[in-house]
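Below is the file protein.txt, which contains compact mmCIF, C-alpha atoms and all ligand atoms.
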```txt
# COMPACT_ATOMS: atom_id res chain seq x y z
CA MET S 1 343.85 58.66 59.32
CA SER S 2 347.46 59.29 58.60
CA ALA S 3 349.52 61.74 60.62
CA HIS S 4 349.67 65.35 59.58
CA ILE S 5 352.68 66.08 57.38
CA ARG S 6 353.67 69.61 56.30
CA PRO S 7 351.73 70.02 53.03
CA ASP S 8 354.46 72.15 51.46
CA LEU S 9 356.72 69.08 51.38
CA ASP S 10 354.62 67.79 48.46
CA ALA S 11 356.23 70.44 46.29
CA ILE S 12 359.77 69.41 47.18
CA PRO S 13 361.47 67.01 44.79
CA ALA S 14 363.19 64.01 46.36
CA TYR S 15 366.98 63.89 45.91
CA ILE S 16 367.62 61.59 42.97
CA ALA S 17 370.84 59.60 43.19
CA GLY S 18 372.57 58.03 40.21
CA ARG S 19 371.12 54.57 39.56
CA SER S 20 373.01 51.32 40.16
CA LEU S 21 372.28 48.05 38.38
CA PRO S 22 374.22 44.85 39.00
CA GLY S 23 376.55 44.05 36.12
CA VAL S 24 376.06 47.45 34.49
CA VAL S 25 378.84 50.05 34.43
CA LYS S 26 377.91 53.05 36.57
CA LEU S 27 379.01 56.46 35.34
CA ALA S 28 375.97 58.11 36.94
CA SER S 29 377.39 59.26 40.30
CA ASN S 30 380.54 61.31 40.72
CA GLU S 31 382.37 58.75 42.82
CA THR S 32 385.88 57.45 42.25
CA THR S 33 386.28 53.87 41.12
CA PHE S 34 389.45 53.35 43.21
CA PRO S 35 388.92 51.36 46.44
CA PRO S 36 390.30 52.75 49.75
CA LEU S 37 394.09 52.58 50.19
CA PRO S 38 395.31 49.77 52.51
CA SER S 39 396.19 52.33 55.22
CA VAL S 40 392.66 53.75 55.07
CA ALA S 41 391.06 50.30 55.05
CA LYS S 42 393.10 49.48 58.18
CA ALA S 43 391.90 52.64 59.96
CA ILE S 44 388.32 51.72 59.03
CA ALA S 45 388.71 48.19 60.41
CA GLU S 46 390.24 49.45 63.65
CA ALA S 47 387.49 52.02 64.16
CA ALA S 48 384.84 49.36 63.51
CA GLU S 49 386.12 47.44 66.55
CA GLN S 50 384.93 50.30 68.74
CA ALA S 51 381.52 50.63 67.12
CA ASN S 52 379.83 50.17 70.50
CA ARG S 53 381.17 53.59 71.58
CA TYR S 54 379.80 56.95 70.44
CA PRO S 55 382.20 58.90 68.25
CA ASP S 56 383.91 62.13 69.35
CA ILE S 57 381.04 64.62 69.23
CA HIS S 58 383.43 67.52 68.54
CA VAL S 59 385.29 65.60 65.80
CA SER S 60 388.40 67.16 67.35
CA GLU S 61 391.17 65.04 65.86
CA LEU S 62 389.84 65.27 62.32
CA ARG S 63 389.14 68.99 62.62
CA ALA S 64 392.68 69.54 63.89
CA ALA S 65 394.09 67.59 60.93
CA ILE S 66 391.97 69.61 58.47
CA ALA S 67 393.01 72.87 60.19
CA GLU S 68 396.67 71.93 59.88
CA PHE S 69 396.25 70.92 56.23
CA HIS S 70 394.72 74.30 55.35
CA ASP S 71 396.71 76.40 57.81
CA VAL S 72 393.62 77.71 59.61
CA ALA S 73 392.49 77.56 63.24
CA ILE S 74 390.47 74.56 64.43
CA GLU S 75 387.67 77.05 65.29
CA GLN S 76 387.36 77.66 61.55
CA VAL S 77 386.56 74.03 60.70
CA ALA S 78 383.14 72.33 60.74
CA VAL S 79 382.68 68.70 59.75
CA GLY S 80 379.44 67.21 58.46
CA CYS S 81 377.83 63.94 57.45
CA GLY S 82 378.93 64.66 53.89
CA SER S 83 379.17 68.25 52.73
CA VAL S 84 375.50 67.94 51.77
CA ALA S 85 374.68 67.98 55.51
CA LEU S 86 376.61 71.23 55.79
CA CYS S 87 374.53 72.65 52.89
CA GLN S 88 371.41 71.92 54.93
CA GLU S 89 372.91 73.35 58.11
CA ILE S 90 374.00 76.51 56.25
CA VAL S 91 370.40 77.30 55.35
CA GLN S 92 369.31 76.49 58.89
CA ILE S 93 371.74 78.98 60.42
CA THR S 94 370.96 81.81 58.00
CA CYS S 95 367.24 81.58 57.21
CA GLY S 96 364.29 81.75 59.59
CA GLN S 97 361.68 83.75 57.68
CA PRO S 98 359.74 82.76 54.55
CA THR S 99 361.07 85.92 52.90
CA ASP S 100 364.70 84.88 53.41
CA GLU S 101 366.33 84.09 50.10
CA VAL S 102 368.89 81.48 49.12
CA LEU S 103 370.52 82.33 45.82
CA PHE S 104 372.23 79.90 43.46
CA ALA S 105 372.83 79.22 39.79
CA TRP S 106 370.70 76.72 37.92
CA ARG S 107 371.40 74.05 36.96
CA SER S 108 373.63 73.35 39.87
CA PHE S 109 373.79 70.86 42.73
CA GLU S 110 370.29 69.50 43.18
CA ALA S 111 370.44 69.60 46.97
CA TYR S 112 370.40 73.44 47.02
CA PRO S 113 366.67 73.85 46.18
CA ILE S 114 365.76 70.94 48.45
CA VAL S 115 367.55 72.19 51.58
CA THR S 116 366.17 75.68 50.92
CA GLN S 117 362.56 74.57 50.71
CA VAL S 118 362.85 72.19 53.64
CA ALA S 119 364.04 75.13 55.75
CA GLY S 120 361.01 77.17 54.62
CA ALA S 121 363.16 79.74 52.79
CA ARG S 122 362.83 81.01 49.22
CA ALA S 123 365.06 79.65 46.45
CA VAL S 124 366.19 82.19 43.86
CA GLN S 125 367.76 80.63 40.80
CA VAL S 126 369.91 82.43 38.23
CA PRO S 127 370.34 80.62 34.88
CA LEU S 128 373.79 79.44 33.83
CA ASN S 129 375.33 81.34 30.91
CA SER S 130 375.54 80.01 27.34
CA GLU S 131 378.71 78.08 28.23
CA TYR S 132 376.88 76.26 31.09
CA ALA S 133 378.90 78.21 33.68
CA HIS S 134 377.77 80.45 36.55
CA ASP S 135 376.81 83.93 35.35
CA LEU S 136 378.55 85.64 38.28
CA ASP S 137 377.45 89.16 37.28
CA ALA S 138 373.81 88.07 37.11
CA LEU S 139 374.20 86.23 40.40
CA ALA S 140 375.62 89.34 42.09
CA ALA S 141 372.84 91.46 40.57
CA ALA S 142 370.22 89.09 42.01
CA VAL S 143 371.29 89.80 45.59
CA THR S 144 368.50 91.65 47.43
CA PRO S 145 368.12 92.85 51.03
CA ASN S 146 366.46 89.46 51.68
CA THR S 147 369.38 87.38 50.41
CA ARG S 148 370.93 85.38 53.22
CA VAL S 149 373.13 82.88 51.38
CA VAL S 150 374.62 82.46 47.90
CA PHE S 151 375.86 79.02 46.86
CA VAL S 152 378.60 79.14 44.23
CA CYS S 153 379.45 75.66 43.02
CA ASN S 154 382.96 75.75 41.58
CA PRO S 155 383.43 73.48 39.59
CA ASN S 156 379.70 73.29 38.99
CA ASN S 157 377.78 70.05 39.33
CA PRO S 158 376.41 68.84 36.88
CA THR S 159 378.06 70.92 34.13
CA GLY S 160 381.72 70.73 35.26
CA THR S 161 382.42 74.36 34.38
CA ALA S 162 384.61 76.42 36.72
CA HIS S 163 385.56 80.04 37.26
CA ARG S 164 389.13 81.21 37.76
CA ARG S 165 390.46 83.05 40.75
CA ALA S 166 390.02 86.60 39.46
CA ASP S 167 386.35 85.96 38.60
CA ILE S 168 385.57 84.59 42.05
CA GLU S 169 387.50 87.42 43.72
CA ARG S 170 385.55 90.04 41.77
CA PHE S 171 382.30 88.34 42.80
CA LEU S 172 383.30 88.28 46.47
CA ASP S 173 384.21 91.97 46.25
CA VAL S 174 380.70 92.99 45.16
CA VAL S 175 378.51 90.77 47.36
CA PRO S 176 377.56 92.57 50.60
CA ASP S 177 379.44 91.16 53.57
CA THR S 178 376.16 90.44 55.39
CA VAL S 179 375.43 87.70 52.84
CA LEU S 180 377.08 84.33 53.46
CA VAL S 181 378.86 83.19 50.28
CA VAL S 182 379.33 79.44 50.17
CA LEU S 183 382.04 78.30 47.78
CA ASP S 184 381.11 74.67 47.24
CA GLU S 185 384.34 73.05 46.11
CA ALA S 186 383.33 69.39 46.13
CA TYR S 187 385.32 68.85 42.91
CA TYR S 188 388.23 71.13 43.76
CA GLU S 189 390.86 68.41 43.34
CA TYR S 190 390.04 68.00 39.63
CA LEU S 191 390.73 71.66 38.75
CA ARG S 192 393.67 72.08 36.37
CA PHE S 193 393.94 75.85 35.85
CA PRO S 194 397.39 77.48 35.81
CA ALA S 195 398.64 78.11 39.36
CA ASP S 196 398.09 81.87 39.25
CA GLU S 197 394.46 81.40 38.13
CA HIS S 198 393.65 78.61 40.56
CA PRO S 199 390.48 79.40 42.54
CA ASN S 200 391.32 78.11 46.01
CA GLY S 201 388.37 79.19 48.14
CA VAL S 202 390.28 78.72 51.38
CA GLU S 203 392.84 81.32 50.25
CA LEU S 204 390.16 83.62 48.81
CA GLY S 205 388.21 83.41 52.05
CA ARG S 206 391.07 84.63 54.26
CA GLY S 207 390.05 88.00 55.69
CA ARG S 208 386.48 87.59 54.39
CA PRO S 209 384.31 86.40 57.30
CA ASN S 210 381.23 86.00 55.04
CA VAL S 211 382.90 83.25 52.98
CA LEU S 212 382.46 79.58 53.82
CA VAL S 213 384.25 76.96 51.74
CA LEU S 214 382.94 73.41 51.43
CA ARG S 215 385.13 70.44 50.60
CA THR S 216 384.40 66.74 50.77
CA PHE S 217 386.10 63.41 51.25
CA SER S 218 383.53 61.81 48.91
CA LYS S 219 385.14 62.48 45.55
CA ALA S 220 388.93 62.65 45.13
CA TYR S 221 389.49 61.12 48.57
CA GLY S 222 387.27 58.17 47.71
CA LEU S 223 385.12 58.00 50.87
CA ALA S 224 381.65 58.61 49.37
CA GLY S 225 380.27 55.61 51.25
CA LEU S 226 381.31 56.94 54.67
CA ARG S 227 379.80 60.44 54.41
CA VAL S 228 382.22 63.08 55.56
CA GLY S 229 382.74 66.62 54.32
CA TYR S 230 383.87 69.88 55.86
CA GLY S 231 383.51 73.64 55.85
CA ILE S 232 386.13 76.31 56.48
CA GLY S 233 385.01 79.76 57.51
CA ASP S 234 384.68 82.36 60.19
CA PRO S 235 384.53 80.98 63.76
CA ALA S 236 381.10 82.61 64.31
CA VAL S 237 379.68 80.74 61.30
CA ILE S 238 381.33 77.50 62.40
CA THR S 239 379.91 77.82 65.93
CA ALA S 240 376.42 78.31 64.48
CA LEU S 241 376.83 75.28 62.21
CA MET S 242 377.81 73.14 65.16
CA LYS S 243 374.65 74.20 67.03
CA VAL S 244 372.22 72.95 64.39
CA ARG S 245 373.87 69.67 63.37
CA VAL S 246 372.56 66.29 64.34
CA PRO S 247 374.76 65.18 67.26
CA PHE S 248 377.25 62.40 66.44
CA SER S 249 376.30 62.49 62.75
CA VAL S 250 379.93 62.12 61.66
CA ASN S 251 380.47 58.56 62.74
CA ARG S 252 383.58 56.98 64.23
CA ILE S 253 384.55 55.10 61.07
CA ALA S 254 384.16 58.20 58.90
CA GLN S 255 386.32 60.25 61.27
CA ALA S 256 389.08 57.62 61.32
CA ALA S 257 388.98 57.11 57.55
CA ALA S 258 389.14 60.84 56.86
CA ILE S 259 392.16 61.27 59.16
CA ALA S 260 393.94 58.35 57.43
CA SER S 261 393.02 59.79 54.02
CA LEU S 262 394.50 63.18 54.87
CA GLU S 263 397.69 61.41 55.93
CA ALA S 264 397.75 59.57 52.58
CA ARG S 265 396.67 62.60 50.59
CA HIS S 266 399.67 62.68 48.26
CA GLU S 267 398.88 59.20 47.00
CA LEU S 268 395.15 59.91 46.78
CA LEU S 269 395.55 63.21 44.98
CA GLU S 270 397.96 61.63 42.48
CA ARG S 271 395.04 59.47 41.39
CA THR S 272 393.17 62.56 40.23
CA ASP S 273 395.67 62.95 37.37
CA ALA S 274 394.46 59.68 35.87
CA VAL S 275 390.82 60.78 36.24
CA VAL S 276 391.55 64.15 34.65
CA ALA S 277 393.36 62.44 31.74
CA GLU S 278 390.32 60.19 31.22
CA ARG S 279 387.93 63.15 31.45
CA ASP S 280 389.88 65.00 28.75
CA ARG S 281 390.22 61.90 26.56
CA MET S 282 386.46 61.31 26.75
CA ARG S 283 385.71 64.93 25.98
CA ASP S 284 387.98 64.93 22.93
CA ALA S 285 386.35 61.76 21.60
CA LEU S 286 382.84 63.13 22.15
CA VAL S 287 383.64 66.48 20.54
CA ALA S 288 385.21 64.68 17.57
CA ALA S 289 381.99 62.68 17.19
CA GLY S 290 379.99 65.90 17.01
CA TYR S 291 378.76 66.37 20.58
CA ARG S 292 378.60 69.71 22.32
CA VAL S 293 380.37 69.14 25.67
CA ALA S 294 380.79 71.80 28.35
CA ALA S 295 384.41 72.58 29.30
CA SER S 296 384.97 70.48 32.42
CA GLN S 297 387.22 71.01 35.42
CA ALA S 298 385.55 68.19 37.37
CA ASN S 299 385.46 64.39 37.16
CA PHE S 300 382.47 64.37 34.82
CA LEU S 301 381.22 65.79 31.53
CA TRP S 302 377.99 67.58 30.62
CA LEU S 303 376.20 66.88 27.37
CA PRO S 304 373.42 69.45 26.81
CA LEU S 305 371.06 67.08 24.97
CA GLY S 306 367.84 68.93 25.90
CA GLU S 307 364.61 67.04 25.24
CA ARG S 308 366.55 63.93 24.27
CA SER S 309 368.32 63.56 27.60
CA ALA S 310 366.08 60.88 29.13
CA GLU S 311 366.00 58.85 25.93
CA TYR S 312 369.78 59.08 25.67
CA GLY S 313 370.12 57.87 29.26
CA ALA S 314 367.88 54.89 28.51
CA ALA S 315 369.81 54.02 25.34
CA SER S 316 373.12 54.20 27.18
CA ALA S 317 371.77 51.93 29.96
CA GLU S 318 370.69 49.47 27.30
CA ALA S 319 374.27 49.53 25.99
CA GLY S 320 375.46 48.63 29.52
CA VAL S 321 376.43 52.05 30.91
CA LEU S 322 374.39 54.08 33.37
CA VAL S 323 374.75 57.84 32.87
CA ARG S 324 372.75 60.58 34.56
CA PRO S 325 370.02 62.46 32.66
CA TYR S 326 368.74 65.73 34.20
CA GLY S 327 365.21 66.45 33.03
CA THR S 328 365.24 68.13 29.67
CA ASP S 329 368.56 69.88 30.24
CA GLY S 330 371.26 67.34 29.60
CA VAL S 331 373.17 64.26 30.63
CA ARG S 332 376.10 63.98 33.02
CA VAL S 333 378.71 61.30 32.46
CA THR S 334 381.29 60.57 35.16
CA ALA S 335 384.84 59.65 34.16
CA GLY S 336 385.38 56.12 35.47
CA ASP S 337 388.05 53.50 34.74
CA SER S 338 389.41 53.54 31.21
CA HIS S 339 387.64 50.30 30.26
CA GLU S 340 384.33 51.67 31.60
CA ASN S 341 384.85 54.87 29.69
CA ASP S 342 385.68 52.90 26.56
CA LEU S 343 382.42 51.02 26.87
CA TYR S 344 380.57 54.32 27.14
CA LEU S 345 382.47 55.88 24.24
CA ARG S 346 381.69 52.84 22.09
CA PHE S 347 378.00 53.57 22.62
CA ALA S 348 378.30 57.36 22.43
CA THR S 349 380.37 57.55 19.26
CA ASP S 350 378.61 54.71 17.44
CA PRO S 351 377.33 56.16 14.17
CA ALA S 352 373.83 54.91 15.02
CA THR S 353 373.88 56.82 18.36
CA VAL S 354 375.24 59.94 16.71
CA GLU S 355 372.60 59.73 13.97
CA ARG S 356 369.82 59.22 16.52
CA PHE S 357 370.74 61.88 19.06
CA LEU S 358 372.81 64.53 17.34
CA ASN S 359 371.01 65.01 14.05
N1 LIG D 1 378.41 69.65 46.68
C1 LIG D 1 378.35 69.25 45.41
C2 LIG D 1 378.51 70.26 44.34
C3 LIG D 1 378.15 67.91 45.09
O1 LIG D 1 378.06 67.52 43.82
C4 LIG D 1 378.01 66.98 46.13
C5 LIG D 1 377.80 65.51 45.86
N2 LIG D 1 376.97 65.18 44.86
C6 LIG D 1 378.08 67.46 47.43
C7 LIG D 1 378.29 68.79 47.67
C8 LIG D 1 377.89 66.56 48.60
O2 LIG D 1 378.84 65.62 48.71
P1 LIG D 1 378.97 64.79 50.05
O3 LIG D 1 377.73 64.99 50.83
O4 LIG D 1 379.15 63.39 49.60
O5 LIG D 1 380.16 65.36 50.73
```
Can the structure from this file be put into structure tokens for me?
Ligand code: PMP
Amino acid sequence: MSAHIRPDLDAIPAYIAGRSLPGVVKLASNETTFPPLPSVAKAIAEAAEQANRYPDIHVSELRAAIAEFHDVAIEQVAVGCGSVALCQEIVQITCGQPTDEVLFAWRSFEAYPIVTQVAGARAVQVPLNSEYAHDLDALAAAVTPNTRVVFVCNPNNPTGTAHRRADIERFLDVVPDTVLVVLDEAYYEYLRFPADEHPNGVELGRGRPNVLVLRTFSKAYGLAGLRVGYGIGDPAVITALMKVRVPFSVNRIAQAAAIASLEARHELLERTDAVVAERDRMRDALVAAGYRVAASQANFLWLPLGERSAEYGAASAEAGVLVRPYGTDGVRVTAGDSHENDLYLRFATDPATVERFLN
């Protein structure tokens, strides 16, 4: 007889990561293709020499560096084993009853329904609007007395769409302050709105204790393999997050690499300009070929190919490029190096591909 496992877990989908195949270009996960900077690689190597020692359980040095970067108090900073761990911890600190609701747009980051169901709470999904963006009015209208958390993914994964500052501000104004609003800004560094419309959650959250902002070192900072992300919010929320986390889950190497990356942030963030230029170049080429492509403020593009998504993903893989199909909704393509993107565009804009998938 096998051990008893919670039967409700059968209904929970496993997290599906972008596939990797040796020798095949991978535009299926939203990583950066740039390797760590030499200064970061050095910090990683030095930290590895002390791998026999537990890391700092309070992540003090990294939290202090993040606090300084954002001009907040260290008590307002939580660090997690990737920001996905913080997503899980957020549901753990807010939900304890089966009637507790976690609200989010759909499609959005696939971890939201998983962490909700694992915690035994109820997921409430509000469809994206016709432009594949969050319908913030519908999201606000879906708040009930049972709502404990709202995840707002800005820019949204997997569609890349983003809301400007005034839209987010209006949303925060109408959500009751007993509901924790999580502004998941994993792709923040790829936003290119005019300065006065820039939706910086950390600024919007000042004076709003029910706002928690998530950022990550996995994307623009290029540390996806080391798993480190952070949240900025009210000290009471941060204290609760630190109670539920797995002790020592932000390892020594991740802490050292994140500190070195913050020190080298100007160089790292400059790299995002090249990614944004590639994203826009790819979008222009796809639109010219006849594709519908959501407006993207992230490092990826969304092609709403509906029923043909899986078949498109398979055809692209056959042409040597892995992209990421999502059920019968669409396909996400990450902006990689220019030669990788060229290989993808060669497949995508080939008249035979266009004929097969767009007509
Ligand atoms: N939020 C969003 C919207 C994401 O797309 C991701 C990564 N796929 C994460 C959070 C988690 O990133 P990480 O755990 O690597 O910090």
d(atom CA of Pro22 of chain S, atom CA of Ala224 of chain S) in Å: 18.8 Å
Contacts with ligand LIG 1 (chain D) at most 6 Å, all atoms listed in the file counted, listed as number ranges by chain: S: 82-84, 109, 153, 157, 184, 186, 216, 218, 224, 227-229
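For the pair atom CA of Tyr344 of chain S and atom CA of His163 of chain S, the separation is 28.1 Å.
With only C-alpha atoms as the atoms that count, the residue of S:Pro176, S:Arg292, S:His70, S:Arg281 with the shortest distance to Gly201 of chain S is S:His70.
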Taking all atoms listed in the file into account, produce a table as JSON lines in which each residue of segment 66-119 of chain S with an atom at most 10 Å from an atom of segment 51-62 of chain S appears once, together with its shortest atom pair and the distance in Å to one decimal, ordered by chain and rising number.
```
{"residue": "S:Ile66", "atom": "CA", "partner": "S:Leu62", "partner_atom": "CA", "distance": 6.2}
{"residue": "S:Ala67", "atom": "CA", "partner": "S:Leu62", "partner_atom": "CA", "distance": 8.5}
{"residue": "S:Glu68", "atom": "CA", "partner": "S:Leu62", "partner_atom": "CA", "distance": 9.8}
{"residue": "S:Ile74", "atom": "CA", "partner": "S:Ser60", "partner_atom": "CA", "distance": 8.2}
{"residue": "S:Val77", "atom": "CA", "partner": "S:Leu62", "partner_atom": "CA", "distance": 9.5}
{"residue": "S:Ala78", "atom": "CA", "partner": "S:Val59", "partner_atom": "CA", "distance": 8.7}
{"residue": "S:Val79", "atom": "CA", "partner": "S:Val59", "partner_atom": "CA", "distance": 7.3}
{"residue": "S:Gly80", "atom": "CA", "partner": "S:Val59", "partner_atom": "CA", "distance": 9.5}
```
Would you mind exporting C-alpha atoms of the selected residues as a PDB file, in the frame of the given file?
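Produced file selection-v8.pdb, reproduced below:
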```pdb
ATOM      1  CA  ILE S  66     391.970  69.610  58.470  1.00  0.00           C
ATOM      2  CA  ALA S  67     393.010  72.870  60.190  1.00  0.00           C
ATOM      3  CA  GLU S  68     396.670  71.930  59.880  1.00  0.00           C
ATOM      4  CA  ILE S  74     390.470  74.560  64.430  1.00  0.00           C
ATOM      5  CA  VAL S  77     386.560  74.030  60.700  1.00  0.00           C
ATOM      6  CA  ALA S  78     383.140  72.330  60.740  1.00  0.00           C
ATOM      7  CA  VAL S  79     382.680  68.700  59.750  1.00  0.00           C
ATOM      8  CA  GLY S  80     379.440  67.210  58.460  1.00  0.00           C
TER       9      GLY S  80
END
```
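Nearest to Gly320 of chain S of all the residues S:Ala348, S:Leu303, S:Ala288, S:Ala220 is S:Ala348, counting all atoms listed in the file.
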Interatomic distance (Å, one decimal) between atom CA of Phe69 of chain S and atom CA of Gly225 of chain S: 22.7 Å
List as an mmCIF file with C-alpha atoms, in the frame of the given file: which residues have an atom within 12 Å of (375.9, 86.8, 41.4), counting only C-alpha atoms?
```cif
data_model
loop_
_atom_site.group_PDB
_atom_site.id
_atom_site.type_symbol
_atom_site.label_atom_id
_atom_site.label_comp_id
_atom_site.auth_asym_id
_atom_site.auth_seq_id
_atom_site.Cartn_x
_atom_site.Cartn_y
_atom_site.Cartn_z
ATOM 1 C CA VAL S 102 368.890 81.480 49.120
ATOM 2 C CA LEU S 103 370.520 82.330 45.820
ATOM 3 C CA PHE S 104 372.230 79.900 43.460
ATOM 4 C CA ALA S 105 372.830 79.220 39.790
ATOM 5 C CA TRP S 106 370.700 76.720 37.920
ATOM 6 C CA VAL S 124 366.190 82.190 43.860
ATOM 7 C CA GLN S 125 367.760 80.630 40.800
ATOM 8 C CA VAL S 126 369.910 82.430 38.230
ATOM 9 C CA PRO S 127 370.340 80.620 34.880
ATOM 10 C CA LEU S 128 373.790 79.440 33.830
ATOM 11 C CA ASN S 129 375.330 81.340 30.910
ATOM 12 C CA ALA S 133 378.900 78.210 33.680
ATOM 13 C CA HIS S 134 377.770 80.450 36.550
ATOM 14 C CA ASP S 135 376.810 83.930 35.350
ATOM 15 C CA LEU S 136 378.550 85.640 38.280
ATOM 16 C CA ASP S 137 377.450 89.160 37.280
ATOM 17 C CA ALA S 138 373.810 88.070 37.110
ATOM 18 C CA LEU S 139 374.200 86.230 40.400
ATOM 19 C CA ALA S 140 375.620 89.340 42.090
ATOM 20 C CA ALA S 141 372.840 91.460 40.570
ATOM 21 C CA ALA S 142 370.220 89.090 42.010
ATOM 22 C CA VAL S 143 371.290 89.800 45.590
ATOM 23 C CA THR S 144 368.500 91.650 47.430
ATOM 24 C CA THR S 147 369.380 87.380 50.410
ATOM 25 C CA VAL S 149 373.130 82.880 51.380
ATOM 26 C CA VAL S 150 374.620 82.460 47.900
ATOM 27 C CA PHE S 151 375.860 79.020 46.860
ATOM 28 C CA VAL S 152 378.600 79.140 44.230
ATOM 29 C CA CYS S 153 379.450 75.660 43.020
ATOM 30 C CA ASP S 167 386.350 85.960 38.600
ATOM 31 C CA ILE S 168 385.570 84.590 42.050
ATOM 32 C CA GLU S 169 387.500 87.420 43.720
ATOM 33 C CA ARG S 170 385.550 90.040 41.770
ATOM 34 C CA PHE S 171 382.300 88.340 42.800
ATOM 35 C CA LEU S 172 383.300 88.280 46.470
ATOM 36 C CA ASP S 173 384.210 91.970 46.250
ATOM 37 C CA VAL S 174 380.700 92.990 45.160
ATOM 38 C CA VAL S 175 378.510 90.770 47.360
ATOM 39 C CA PRO S 176 377.560 92.570 50.600
ATOM 40 C CA VAL S 179 375.430 87.700 52.840
ATOM 41 C CA VAL S 181 378.860 83.190 50.280
ATOM 42 C CA VAL S 182 379.330 79.440 50.170
#
```
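For the set S:Met242, S:Ala195, S:Ala3, S:Ile90, the residue with the smallest atom-to-atom gap to Arg148 of chain S is S:Ile90, counting all atoms listed in the file.
Using all atoms listed in the file, the smallest distance between any of S:Val246, S:Val333, S:Leu301, S:Ile238 and Glu75 of chain S comes from S:Ile238.
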Exercise: Pro325 of chain S partners within 6 Å, all atoms listed in the file, chain neighbours under 3 positions left out, as a list in words: Ser309, Ala310, Gly313, Gly330 and Val331 of chain S
Using the selection just defined, write its residues with C-alpha atoms as an mmCIF file, keeping the file's coordinate frame.
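Listing of again.cif after writing:
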```cif
data_model
loop_
_atom_site.group_PDB
_atom_site.id
_atom_site.type_symbol
_atom_site.label_atom_id
_atom_site.label_comp_id
_atom_site.auth_asym_id
_atom_site.auth_seq_id
_atom_site.Cartn_x
_atom_site.Cartn_y
_atom_site.Cartn_z
ATOM 1 C CA SER S 309 368.320 63.560 27.600
ATOM 2 C CA ALA S 310 366.080 60.880 29.130
ATOM 3 C CA GLY S 313 370.120 57.870 29.260
ATOM 4 C CA GLY S 330 371.260 67.340 29.600
ATOM 5 C CA VAL S 331 373.170 64.260 30.630
#
```
Residues within 12 Å of (377.2, 52.9, 38.5), file coords, all atoms listed in the file, listed as a ChimeraX atom specification: /S:17-33,317,320-324,333-337,340-341,344
Expected file: the selected residues, C-alpha atoms, as a compact mmCIF listing (two decimals), in the coordinates of the input:
```
# COMPACT_ATOMS: atom_id res chain seq x y z
CA ALA S 17 370.84 59.60 43.19
CA GLY S 18 372.57 58.03 40.21
CA ARG S 19 371.12 54.57 39.56
CA SER S 20 373.01 51.32 40.16
CA LEU S 21 372.28 48.05 38.38
CA PRO S 22 374.22 44.85 39.00
CA GLY S 23 376.55 44.05 36.12
CA VAL S 24 376.06 47.45 34.49
CA VAL S 25 378.84 50.05 34.43
CA LYS S 26 377.91 53.05 36.57
CA LEU S 27 379.01 56.46 35.34
CA ALA S 28 375.97 58.11 36.94
CA SER S 29 377.39 59.26 40.30
CA ASN S 30 380.54 61.31 40.72
CA GLU S 31 382.37 58.75 42.82
CA THR S 32 385.88 57.45 42.25
CA THR S 33 386.28 53.87 41.12
CA ALA S 317 371.77 51.93 29.96
CA GLY S 320 375.46 48.63 29.52
CA VAL S 321 376.43 52.05 30.91
CA LEU S 322 374.39 54.08 33.37
CA VAL S 323 374.75 57.84 32.87
CA ARG S 324 372.75 60.58 34.56
CA VAL S 333 378.71 61.30 32.46
CA THR S 334 381.29 60.57 35.16
CA ALA S 335 384.84 59.65 34.16
CA GLY S 336 385.38 56.12 35.47
CA ASP S 337 388.05 53.50 34.74
CA GLU S 340 384.33 51.67 31.60
CA ASN S 341 384.85 54.87 29.69
CA TYR S 344 380.57 54.32 27.14
```
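Excluding Thr161 of chain S itself and same-chain residues fewer than 5 positions from it, the residues having an atom within 8 Å of it are Tyr132, Ala133, His134, Asn154, Pro155, Asn156, Ala294, Ala295, Ser296, Gln297 and Ala298 of chain S, counting all atoms listed in the file.
Checking S:Leu241, S:Ala11, S:Val72, S:Ile44 one by one against Ala256 of chain S, counting all atoms listed in the file, you find the shortest gap at S:Ile44.
Each of S:Val213, S:Ser130, S:Met282, S:Arg252 was checked against Val237 of chain S using all atoms listed in the file; the smallest atom-to-atom distance is that of S:Val213.
Those residues that approach Gln117 of chain S to within 10 Å, counting all atoms listed in the file, are Asp8, Leu9, Ala11, Ile12, Pro13, Val91, Pro98, Val102 and Ala123 of chain S; same-chain residues fewer than 6 positions away are not listed.
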With 8 Å as the cut-off and all atoms listed in the file counted, what is the closest atom pair between each nearby residue of segment 168-234 of chain S and segment 267-279 of chain S? Distances in Å to one decimal, ordered by chain and number, as CSV.
```
residue,atom,partner,partner_atom,distance
S:Glu189,CA,S:Thr272,CA,7.0
S:Tyr190,CA,S:Thr272,CA,6.3
S:Ala220,CA,S:Thr272,CA,6.5
S:Tyr221,CA,S:Leu268,CA,6.1
```
